[in-house]
>>> print(open('work.txt').read())   # compact mmCIF, C-alpha atoms
# COMPACT_ATOMS: atom_id res chain seq x y z
CA MET A 1 110.29 55.64 96.07
CA THR A 2 113.79 57.13 96.30
CA THR A 3 114.75 60.06 94.08
CA ARG A 4 118.34 60.22 92.88
CA PRO A 5 120.07 63.60 92.71
CA THR A 6 120.47 65.02 89.21
CA ARG A 7 124.07 65.11 88.07
CA LEU A 8 125.32 68.31 86.45
CA PRO A 9 126.80 68.06 82.94
CA ALA A 10 130.50 68.58 82.49
CA THR A 11 131.76 71.79 80.90
CA ALA A 12 135.00 72.66 79.13
CA ASP A 13 136.13 74.77 82.06
CA ALA A 14 135.10 72.30 84.68
CA PRO A 15 135.82 68.68 83.79
CA PRO A 16 133.79 66.03 85.53
CA SER A 17 134.89 64.63 88.82
CA PRO A 18 134.84 60.88 89.37
CA ASP A 19 131.32 61.06 90.78
CA GLY A 20 129.97 63.05 87.82
CA HIS A 21 129.91 66.53 89.41
CA PRO A 22 132.01 69.35 87.91
CA LEU A 23 135.18 70.21 89.77
CA ARG A 24 135.48 73.69 91.27
CA ARG A 25 138.08 76.08 89.88
CA SER A 26 140.43 77.89 92.25
CA THR A 27 138.95 81.20 91.03
CA ASP A 28 135.36 80.20 91.75
CA PRO A 29 133.71 82.18 94.59
CA ALA A 30 132.79 80.32 97.72
CA PRO A 31 129.30 78.80 97.47
CA HIS A 32 128.22 80.77 100.53
CA PRO A 33 129.60 84.08 101.85
CA LEU A 34 132.19 83.56 104.54
CA ARG A 35 131.12 84.90 107.94
CA ARG A 36 133.28 87.30 109.88
CA ALA A 37 134.08 86.44 113.46
CA GLY A 38 131.95 89.37 114.63
CA ASP A 39 128.89 88.54 112.49
CA ARG A 40 125.74 87.78 114.43
CA THR A 41 122.34 86.59 113.30
CA PRO A 42 119.88 89.50 113.60
CA PRO A 43 117.75 89.00 116.72
CA PRO A 44 114.04 88.34 116.12
CA CYS A 45 111.75 91.29 116.71
CA THR A 46 109.64 91.27 119.85
CA VAL A 47 105.89 90.85 119.46
CA SER A 48 103.05 92.39 121.46
CA LEU A 49 99.53 90.99 121.22
CA VAL A 50 96.73 93.46 122.03
CA VAL A 51 93.38 91.86 122.94
CA PRO A 52 90.41 94.13 123.71
CA ALA A 53 87.79 92.36 125.81
CA ARG A 54 84.46 93.09 127.40
CA ASN A 55 82.68 90.26 129.21
CA GLU A 56 84.68 87.52 127.49
CA ALA A 57 85.53 85.39 130.56
CA ARG A 58 84.23 82.20 128.95
CA ASN A 59 86.29 82.71 125.79
CA ILE A 60 89.60 83.85 127.27
CA PRO A 61 90.87 80.34 128.22
CA TRP A 62 90.63 79.04 124.64
CA VAL A 63 92.16 82.17 123.15
CA PHE A 64 95.08 82.31 125.58
CA GLU A 65 95.98 78.63 125.28
CA GLN A 66 96.30 79.04 121.49
CA ILE A 67 98.80 81.93 121.65
CA PRO A 68 102.09 80.82 120.03
CA ASP A 69 105.50 81.14 121.65
CA CYS A 70 106.56 83.87 119.21
CA VAL A 71 104.41 86.36 121.17
CA ASP A 72 106.49 88.09 123.84
CA GLU A 73 103.76 89.98 125.70
CA VAL A 74 99.98 89.87 125.84
CA LEU A 75 97.98 92.96 126.76
CA LEU A 76 94.35 92.43 127.67
CA ILE A 77 92.46 95.72 127.54
CA ASP A 78 89.36 95.44 129.68
CA GLY A 79 86.27 97.39 128.73
CA ASP A 80 84.78 97.56 132.23
CA SER A 81 83.67 93.91 132.17
CA SER A 82 80.96 92.87 134.60
CA ASP A 83 82.01 89.21 134.51
CA ALA A 84 85.29 87.50 135.48
CA THR A 85 87.20 88.52 132.34
CA VAL A 86 90.11 90.10 134.22
CA ARG A 87 90.37 87.36 136.84
CA MET A 88 90.16 84.64 134.18
CA ALA A 89 92.90 86.27 132.10
CA ALA A 90 95.23 86.46 135.10
CA GLU A 91 94.50 82.85 135.99
CA CYS A 92 95.14 81.56 132.47
CA MET A 93 98.27 83.66 131.89
CA PRO A 94 99.93 85.05 135.02
CA GLY A 95 102.23 87.24 132.94
CA VAL A 96 99.43 89.00 131.04
CA ARG A 97 99.39 92.79 131.22
CA LEU A 98 95.91 93.87 132.34
CA LEU A 99 94.95 97.42 131.42
CA PRO A 100 91.62 99.24 131.75
CA GLN A 101 90.66 101.21 128.67
CA SER A 102 90.39 104.94 129.16
CA GLY A 103 86.95 105.30 127.57
CA PRO A 104 84.14 103.32 125.91
CA GLY A 105 84.46 101.56 122.56
CA LYS A 106 86.72 99.07 120.80
CA GLY A 107 88.73 101.86 119.18
CA ASN A 108 89.54 103.33 122.56
CA ALA A 109 90.59 99.90 123.86
CA LEU A 110 92.92 99.27 120.94
CA ARG A 111 94.52 102.70 121.15
CA THR A 112 95.14 102.11 124.86
CA GLY A 113 96.86 98.82 124.05
CA PHE A 114 98.92 100.18 121.15
CA LEU A 115 100.33 103.00 123.27
CA ALA A 116 101.29 100.57 126.04
CA ALA A 117 102.77 97.86 123.78
CA ARG A 118 106.54 97.38 124.00
CA GLY A 119 107.17 95.06 121.05
CA GLU A 120 108.52 96.08 117.65
CA TYR A 121 105.59 94.23 116.07
CA VAL A 122 102.03 94.74 117.33
CA VAL A 123 99.25 92.25 116.63
CA MET A 124 95.57 92.92 117.36
CA MET A 125 92.84 90.33 117.60
CA ASP A 126 89.47 89.80 119.26
CA ALA A 127 88.89 87.90 122.52
CA ASP A 128 85.72 86.07 121.44
CA GLY A 129 87.48 83.09 119.82
CA SER A 130 86.54 84.10 116.26
CA MET A 131 90.22 84.53 115.33
CA SER A 132 92.82 81.83 115.82
CA PRO A 133 96.08 82.94 117.48
CA ALA A 134 97.74 80.06 115.63
CA GLU A 135 97.64 82.28 112.51
CA ILE A 136 99.87 84.95 114.10
CA PRO A 137 103.18 83.54 112.75
CA HIS A 138 101.84 83.97 109.21
CA PHE A 139 101.25 87.68 109.87
CA LEU A 140 104.73 88.03 111.36
CA HIS A 141 106.31 86.35 108.34
CA PHE A 142 105.21 89.24 106.12
CA LEU A 143 106.35 91.88 108.61
CA GLN A 144 109.73 90.18 108.70
CA HIS A 145 109.93 90.31 104.90
CA GLY A 146 109.44 94.01 104.31
CA TYR A 147 105.76 94.77 104.84
CA ASP A 148 104.65 97.46 107.28
CA PHE A 149 100.99 96.56 107.82
CA VAL A 150 99.49 93.07 107.51
CA LYS A 151 95.77 92.41 107.60
CA GLY A 152 93.80 89.22 107.63
CA SER A 153 91.38 88.57 104.80
CA ARG A 154 88.49 86.13 104.72
CA PHE A 155 88.19 86.47 100.96
CA VAL A 156 91.59 85.40 99.59
CA ALA A 157 92.52 81.82 98.83
CA GLY A 158 92.90 79.93 102.09
CA GLY A 159 90.67 82.32 104.05
CA GLY A 160 86.99 82.07 104.88
CA SER A 161 84.31 82.67 107.46
CA LEU A 162 82.09 80.34 109.46
CA ASP A 163 80.27 83.25 111.09
CA LEU A 164 79.59 85.90 108.43
CA THR A 165 75.90 86.75 108.04
CA ARG A 166 74.45 87.92 104.74
CA VAL A 167 73.96 91.46 106.04
CA ARG A 168 77.56 91.71 107.27
CA ARG A 169 78.88 90.25 104.01
CA LEU A 170 76.96 92.77 101.88
CA GLY A 171 77.96 95.65 104.14
CA ASN A 172 81.63 94.67 104.07
CA ARG A 173 81.53 94.37 100.28
CA ALA A 174 79.96 97.82 99.85
CA LEU A 175 82.38 99.54 102.24
CA LEU A 176 85.31 97.75 100.64
CA ALA A 177 84.26 99.04 97.23
CA VAL A 178 84.34 102.60 98.62
CA VAL A 179 87.90 102.16 99.92
CA ASN A 180 89.19 100.59 96.72
CA ARG A 181 87.59 103.32 94.63
CA LEU A 182 88.83 106.23 96.75
CA TYR A 183 92.37 104.95 97.16
CA GLY A 184 92.89 103.01 93.93
CA ALA A 185 93.49 99.90 96.04
CA SER A 186 92.62 96.26 95.39
CA LEU A 187 91.97 95.00 98.91
CA THR A 188 89.70 92.00 99.45
CA ASP A 189 88.47 92.58 103.03
CA LEU A 190 87.84 95.61 105.23
CA CYS A 191 85.77 94.99 108.36
CA TYR A 192 87.99 92.38 109.97
CA GLY A 193 90.08 93.19 113.01
CA PHE A 194 92.92 90.70 112.77
CA CYS A 195 95.91 92.91 111.88
CA ALA A 196 99.59 93.42 112.64
CA PHE A 197 101.92 96.33 112.06
CA ARG A 198 105.35 97.71 112.86
CA ARG A 199 105.04 99.81 116.01
CA PRO A 200 107.25 102.65 114.68
CA PHE A 201 104.44 103.36 112.19
CA LEU A 202 101.85 103.97 114.91
CA ASP A 203 102.17 107.73 114.41
CA GLN A 204 101.47 107.37 110.67
CA LEU A 205 98.33 105.38 111.44
CA ASP A 206 97.15 108.45 113.41
CA LEU A 207 94.28 106.68 115.17
CA HIS A 208 91.38 108.61 116.68
CA ALA A 209 88.35 106.34 116.21
CA VAL A 210 86.38 105.30 119.27
CA GLY A 211 84.38 102.29 118.08
CA PHE A 212 84.57 99.43 115.57
CA GLU A 213 85.37 101.92 112.81
CA ILE A 214 88.98 101.93 114.00
CA GLU A 215 89.65 98.88 111.81
CA ALA A 216 88.71 100.83 108.68
CA GLU A 217 90.55 103.91 109.94
CA MET A 218 93.75 101.91 110.31
CA ILE A 219 93.55 100.62 106.76
CA VAL A 220 92.79 103.94 105.05
CA HIS A 221 95.52 105.70 107.04
CA ALA A 222 97.97 102.95 106.09
CA LEU A 223 96.99 103.45 102.44
CA ARG A 224 97.19 107.22 102.72
CA SER A 225 100.64 107.02 104.32
CA GLY A 226 102.00 104.73 101.62
CA LEU A 227 102.73 101.84 103.97
CA ARG A 228 103.47 98.48 102.39
CA ILE A 229 100.33 96.41 103.02
CA ALA A 230 99.91 92.66 102.75
CA GLU A 231 96.72 90.63 103.04
CA VAL A 232 97.00 87.10 104.43
CA PRO A 233 94.30 84.43 104.48
CA SER A 234 92.43 84.07 107.74
CA LEU A 235 89.54 81.85 108.78
CA GLU A 236 86.89 83.58 110.87
CA LEU A 237 85.45 81.15 113.40
CA PRO A 238 82.08 81.39 115.15
CA ARG A 239 82.12 83.27 118.45
CA ARG A 240 82.67 80.57 121.06
CA SER A 241 80.32 81.96 123.69
CA GLY A 242 78.16 84.99 124.40
CA SER A 243 76.82 87.65 122.04
CA SER A 244 78.70 90.09 119.86
CA ASN A 245 79.06 93.75 120.77
CA LEU A 246 78.91 94.63 117.05
CA HIS A 247 75.77 96.31 115.66
CA ALA A 248 75.88 95.84 111.89
CA VAL A 249 73.79 98.84 110.80
CA SER A 250 74.93 101.51 113.27
CA ASP A 251 78.58 100.44 113.21
CA GLY A 252 78.47 100.17 109.42
CA THR A 253 77.19 103.74 109.25
CA ARG A 254 80.06 104.93 111.48
CA ILE A 255 82.54 103.14 109.23
CA LEU A 256 81.10 104.81 106.13
CA ARG A 257 81.35 108.24 107.78
CA THR A 258 84.98 107.50 108.63
CA LEU A 259 85.79 106.51 105.06
CA LEU A 260 84.19 109.64 103.62
CA SER A 261 85.75 112.00 106.16
CA GLU A 262 89.21 110.50 105.55
CA ARG A 263 88.95 110.44 101.76
CA PRO A 264 91.70 112.09 99.70
CA GLY A 265 91.03 115.81 99.38
CA ALA A 266 88.84 115.98 102.48
CA HIS A 267 89.54 118.72 104.98
CA PRO A 268 92.42 117.79 107.33
CA ARG A 269 91.53 116.85 110.86
CA VAL A 270 91.63 119.79 113.24
CA PRO A 271 93.14 118.74 116.60
CA ALA A 272 90.74 119.19 119.49
CA ARG A 273 91.69 121.98 121.85
CA SER A 274 92.33 121.02 125.41
CA ALA A 275 90.14 122.56 128.04
CA PRO A 276 91.65 125.58 129.79
>>> encode(input="work.txt", output="structure tokens")
Amino acid sequence: MTTRPTRLPATADAPPSPDGHPLRRSTDPAPHPLRRAGDRTPPPCTVSLVVPARNEARNIPWVFEQIPDCVDEVLLIDGDSSDATVRMAAECMPGVRLLPQSGPGKGNALRTGFLAARGEYVVMMDADGSMSPAEIPHFLHFLQHGYDFVKGSRFVAGGGSLDLTRVRRLGNRALLAVVNRLYGASLTDLCYGFCAFRRPFLDQLDLHAVGFEIEAEMIVHALRSGLRIAEVPSLELPRRSGSSNLHAVSDGTRILRTLLSERPGAHPRVPARSAP
């Protein structure tokens, strides 16, 4: 079925043309701004993808082959893997930047990657295949349209999870309620590590966490700093191979401690003194 274009009605100031469209007046502005000879389209921002990994050799090939062309550099932060994670990453992507993390824990790995990233936009995601790199352009769209911090959510329309256990779901819901209550926010997901942010705001995020609690720390610091936050739908997939390094109860307890210690009105963090 072919749709015909709607013809505009004639007006007193603009009599109809032979084809039914109003004629333009000589005083009418140009329909589009005229470009100057020196005008240039703003260049796209560069994108760094930070992927912490520990014994994920069997999952790396799938993850790396899904990375879209909009990503300019990939940093794999190795957590002292005992398998072929590093060798597999180099084989699948010769240009990958391979960095050892400076201490144990996912938080340490991410902080290592963030400090080494060169792109204006930084994306973080897991190496176990539970997050699809094909969703990255959606995160970047919101960064390009004025947001400072973009987080994936499994609980907004279009999102979901094929791997969330009942215990993890209840824990996430309880911790999320704490954040929304303390900060007057209306977020829909908390314990999900698919995020992107503008690298110039890394100082405002002020990250110190060592373990999985870094994901919650990033969000509460973004809220506390007044960053513009967007949630985008994301589908959590089942881990493709191996077992998770997450421990629901102990890591959930660490996250709760982080939320309470960072709450508004809590004592400011005292920087650790360096050893003499």
>>> atom_distance(input="work.txt", atom1="atom CA of A:Leu164", atom2="atom CA of A:Leu207")
26.3 Å
>>> residues_around(input="work.txt", residues="A:Glu120", least_positions_apart="6", cutoff="6 Å", atoms="all atoms listed in the file", output="list in words")
Cys45, Thr46, Arg198 and Arg199 of chain A
>>> residues_around(input="work.txt", residues="A:Ser48", least_positions_apart="6", cutoff="9 Å", atoms="all atoms listed in the file", output="list in words")
Val71, Asp72, Glu73, Val74, Leu75, Phe114, Ala117, Arg118, Gly119, Glu120, Tyr121, Val122, Val123 and Met124 of chain A
>>> write_last_selection(input="work.txt", atoms="C-alpha atoms", output="CSV table (one decimal), in the coordinates of the input")
chain,number,residue,atom,x,y,z
A,71,VAL,CA,104.4,86.4,121.2
A,72,ASP,CA,106.5,88.1,123.8
A,73,GLU,CA,103.8,90.0,125.7
A,74,VAL,CA,100.0,89.9,125.8
A,75,LEU,CA,98.0,93.0,126.8
A,114,PHE,CA,98.9,100.2,121.2
A,117,ALA,CA,102.8,97.9,123.8
A,118,ARG,CA,106.5,97.4,124.0
A,119,GLY,CA,107.2,95.1,121.0
A,120,GLU,CA,108.5,96.1,117.6
A,121,TYR,CA,105.6,94.2,116.1
A,122,VAL,CA,102.0,94.7,117.3
A,123,VAL,CA,99.2,92.2,116.6
A,124,MET,CA,95.6,92.9,117.4
>>> atom_distance(input="work.txt", atom1="atom CA of A:Phe139", atom2="atom CA of A:Ala196")
6.6 Å
>>> closest_residue(input="work.txt", among="A:Pro61, A:Asn108, A:Gly226, A:Ala53", to="A:Tyr183", atoms="all atoms listed in the file")
A:Gly226
>>> residues_around(input="work.txt", residues="stretch 227-231 of chain A", least_positions_apart="2", cutoff="10 Å", atoms="all atoms listed in the file", output="PyMOL selection string")
chain A and resi 139+142-143+146-156+187-189+195-197+201+204-205+219+221-225+233-234
>>> atom_distance(input="work.txt", atom1="atom CA of A:Asp78", atom2="atom CA of A:Glu56")
9.5 Å
>>> residues_around(input="work.txt", residues="A:Glu135", least_positions_apart="3", cutoff="10 Å", atoms="all atoms listed in the file", output="list in words")
Gln66, Ile67, Pro68, Met131, Ser132, His138, Phe139, Leu140, Gly152, Phe194, Val232, Pro233, Ser234 and Leu235 of chain A
>>> closest_residue(input="work.txt", among="A:His208, A:Val63, A:Gly95, A:Arg54", to="A:Gly79", atoms="only C-alpha atoms")
A:Arg54
>>> closest_atom_pairs(input="work.txt", of="stretch 36-127 of chain A", to="stretch 209-214 of chain A", cutoff="9 Å", atoms="only C-alpha atoms", output="JSON lines")
{"residue": "A:Gly103", "atom": "CA", "partner": "A:Val210", "partner_atom": "CA", "distance": 8.3}
{"residue": "A:Pro104", "atom": "CA", "partner": "A:Val210", "partner_atom": "CA", "distance": 7.3}
{"residue": "A:Gly105", "atom": "CA", "partner": "A:Gly211", "partner_atom": "CA", "distance": 4.5}
{"residue": "A:Lys106", "atom": "CA", "partner": "A:Gly211", "partner_atom": "CA", "distance": 4.8}
{"residue": "A:Gly107", "atom": "CA", "partner": "A:Val210", "partner_atom": "CA", "distance": 4.2}
{"residue": "A:Asn108", "atom": "CA", "partner": "A:Val210", "partner_atom": "CA", "distance": 5.0}
{"residue": "A:Ala109", "atom": "CA", "partner": "A:Val210", "partner_atom": "CA", "distance": 8.2}
{"residue": "A:Leu110", "atom": "CA", "partner": "A:Ile214", "partner_atom": "CA", "distance": 8.4}
{"residue": "A:Arg111", "atom": "CA", "partner": "A:Ala209", "partner_atom": "CA", "distance": 8.7}
>>> residues_near_point(input="work.txt", point="(84.9, 92.0, 102.7)", cutoff="12 Å", atoms="only C-alpha atoms", output="number ranges by chain")
A: 151-156, 159-161, 164-180, 186-193, 216, 231, 236
>>> build_atoms(input="work.txt", residues="stretch 59-72 of chain A", atoms="N, CA and C atoms", output="mmCIF file, keeping the file's coordinate frame")
data_model
loop_
_atom_site.group_PDB
_atom_site.id
_atom_site.type_symbol
_atom_site.label_atom_id
_atom_site.label_comp_id
_atom_site.auth_asym_id
_atom_site.auth_seq_id
_atom_site.Cartn_x
_atom_site.Cartn_y
_atom_site.Cartn_z
ATOM 1 N N ASN A 59 85.520 82.924 127.005
ATOM 2 C CA ASN A 59 86.290 82.710 125.790
ATOM 3 C C ASN A 59 87.793 82.852 125.984
ATOM 4 N N ILE A 60 88.189 83.573 127.023
ATOM 5 C CA ILE A 60 89.600 83.850 127.270
ATOM 6 C C ILE A 60 90.443 82.577 127.368
ATOM 7 N N PRO A 61 90.005 81.519 128.093
ATOM 8 C CA PRO A 61 90.870 80.340 128.220
ATOM 9 C C PRO A 61 91.254 79.743 126.865
ATOM 10 N N TRP A 62 90.306 79.615 125.958
ATOM 11 C CA TRP A 62 90.630 79.040 124.640
ATOM 12 C C TRP A 62 91.578 79.939 123.875
ATOM 13 N N VAL A 63 91.305 81.236 123.892
ATOM 14 C CA VAL A 63 92.160 82.170 123.150
ATOM 15 C C VAL A 63 93.582 82.134 123.680
ATOM 16 N N PHE A 64 93.743 82.217 124.985
ATOM 17 C CA PHE A 64 95.080 82.310 125.580
ATOM 18 C C PHE A 64 95.877 81.021 125.390
ATOM 19 N N GLU A 65 95.216 79.883 125.425
ATOM 20 C CA GLU A 65 95.980 78.630 125.280
ATOM 21 C C GLU A 65 96.446 78.415 123.850
ATOM 22 N N GLN A 66 95.895 79.168 122.882
ATOM 23 C CA GLN A 66 96.300 79.040 121.490
ATOM 24 C C GLN A 66 97.435 80.003 121.111
ATOM 25 N N ILE A 67 97.798 80.914 121.990
ATOM 26 C CA ILE A 67 98.800 81.930 121.650
ATOM 27 C C ILE A 67 100.160 81.267 121.455
ATOM 28 N N PRO A 68 100.816 81.486 120.305
ATOM 29 C CA PRO A 68 102.090 80.820 120.030
ATOM 30 C C PRO A 68 103.242 81.439 120.809
ATOM 31 N N ASP A 69 104.346 80.705 120.870
ATOM 32 C CA ASP A 69 105.500 81.140 121.650
ATOM 33 C C ASP A 69 106.177 82.382 121.073
ATOM 34 N N CYS A 70 105.912 82.702 119.809
ATOM 35 C CA CYS A 70 106.560 83.870 119.210
ATOM 36 C C CYS A 70 106.048 85.187 119.780
ATOM 37 N N VAL A 71 104.956 85.151 120.538
ATOM 38 C CA VAL A 71 104.410 86.360 121.170
ATOM 39 C C VAL A 71 105.133 86.591 122.486
ATOM 40 N N ASP A 72 105.698 87.781 122.646
ATOM 41 C CA ASP A 72 106.490 88.090 123.840
ATOM 42 C C ASP A 72 105.665 88.681 124.972
#
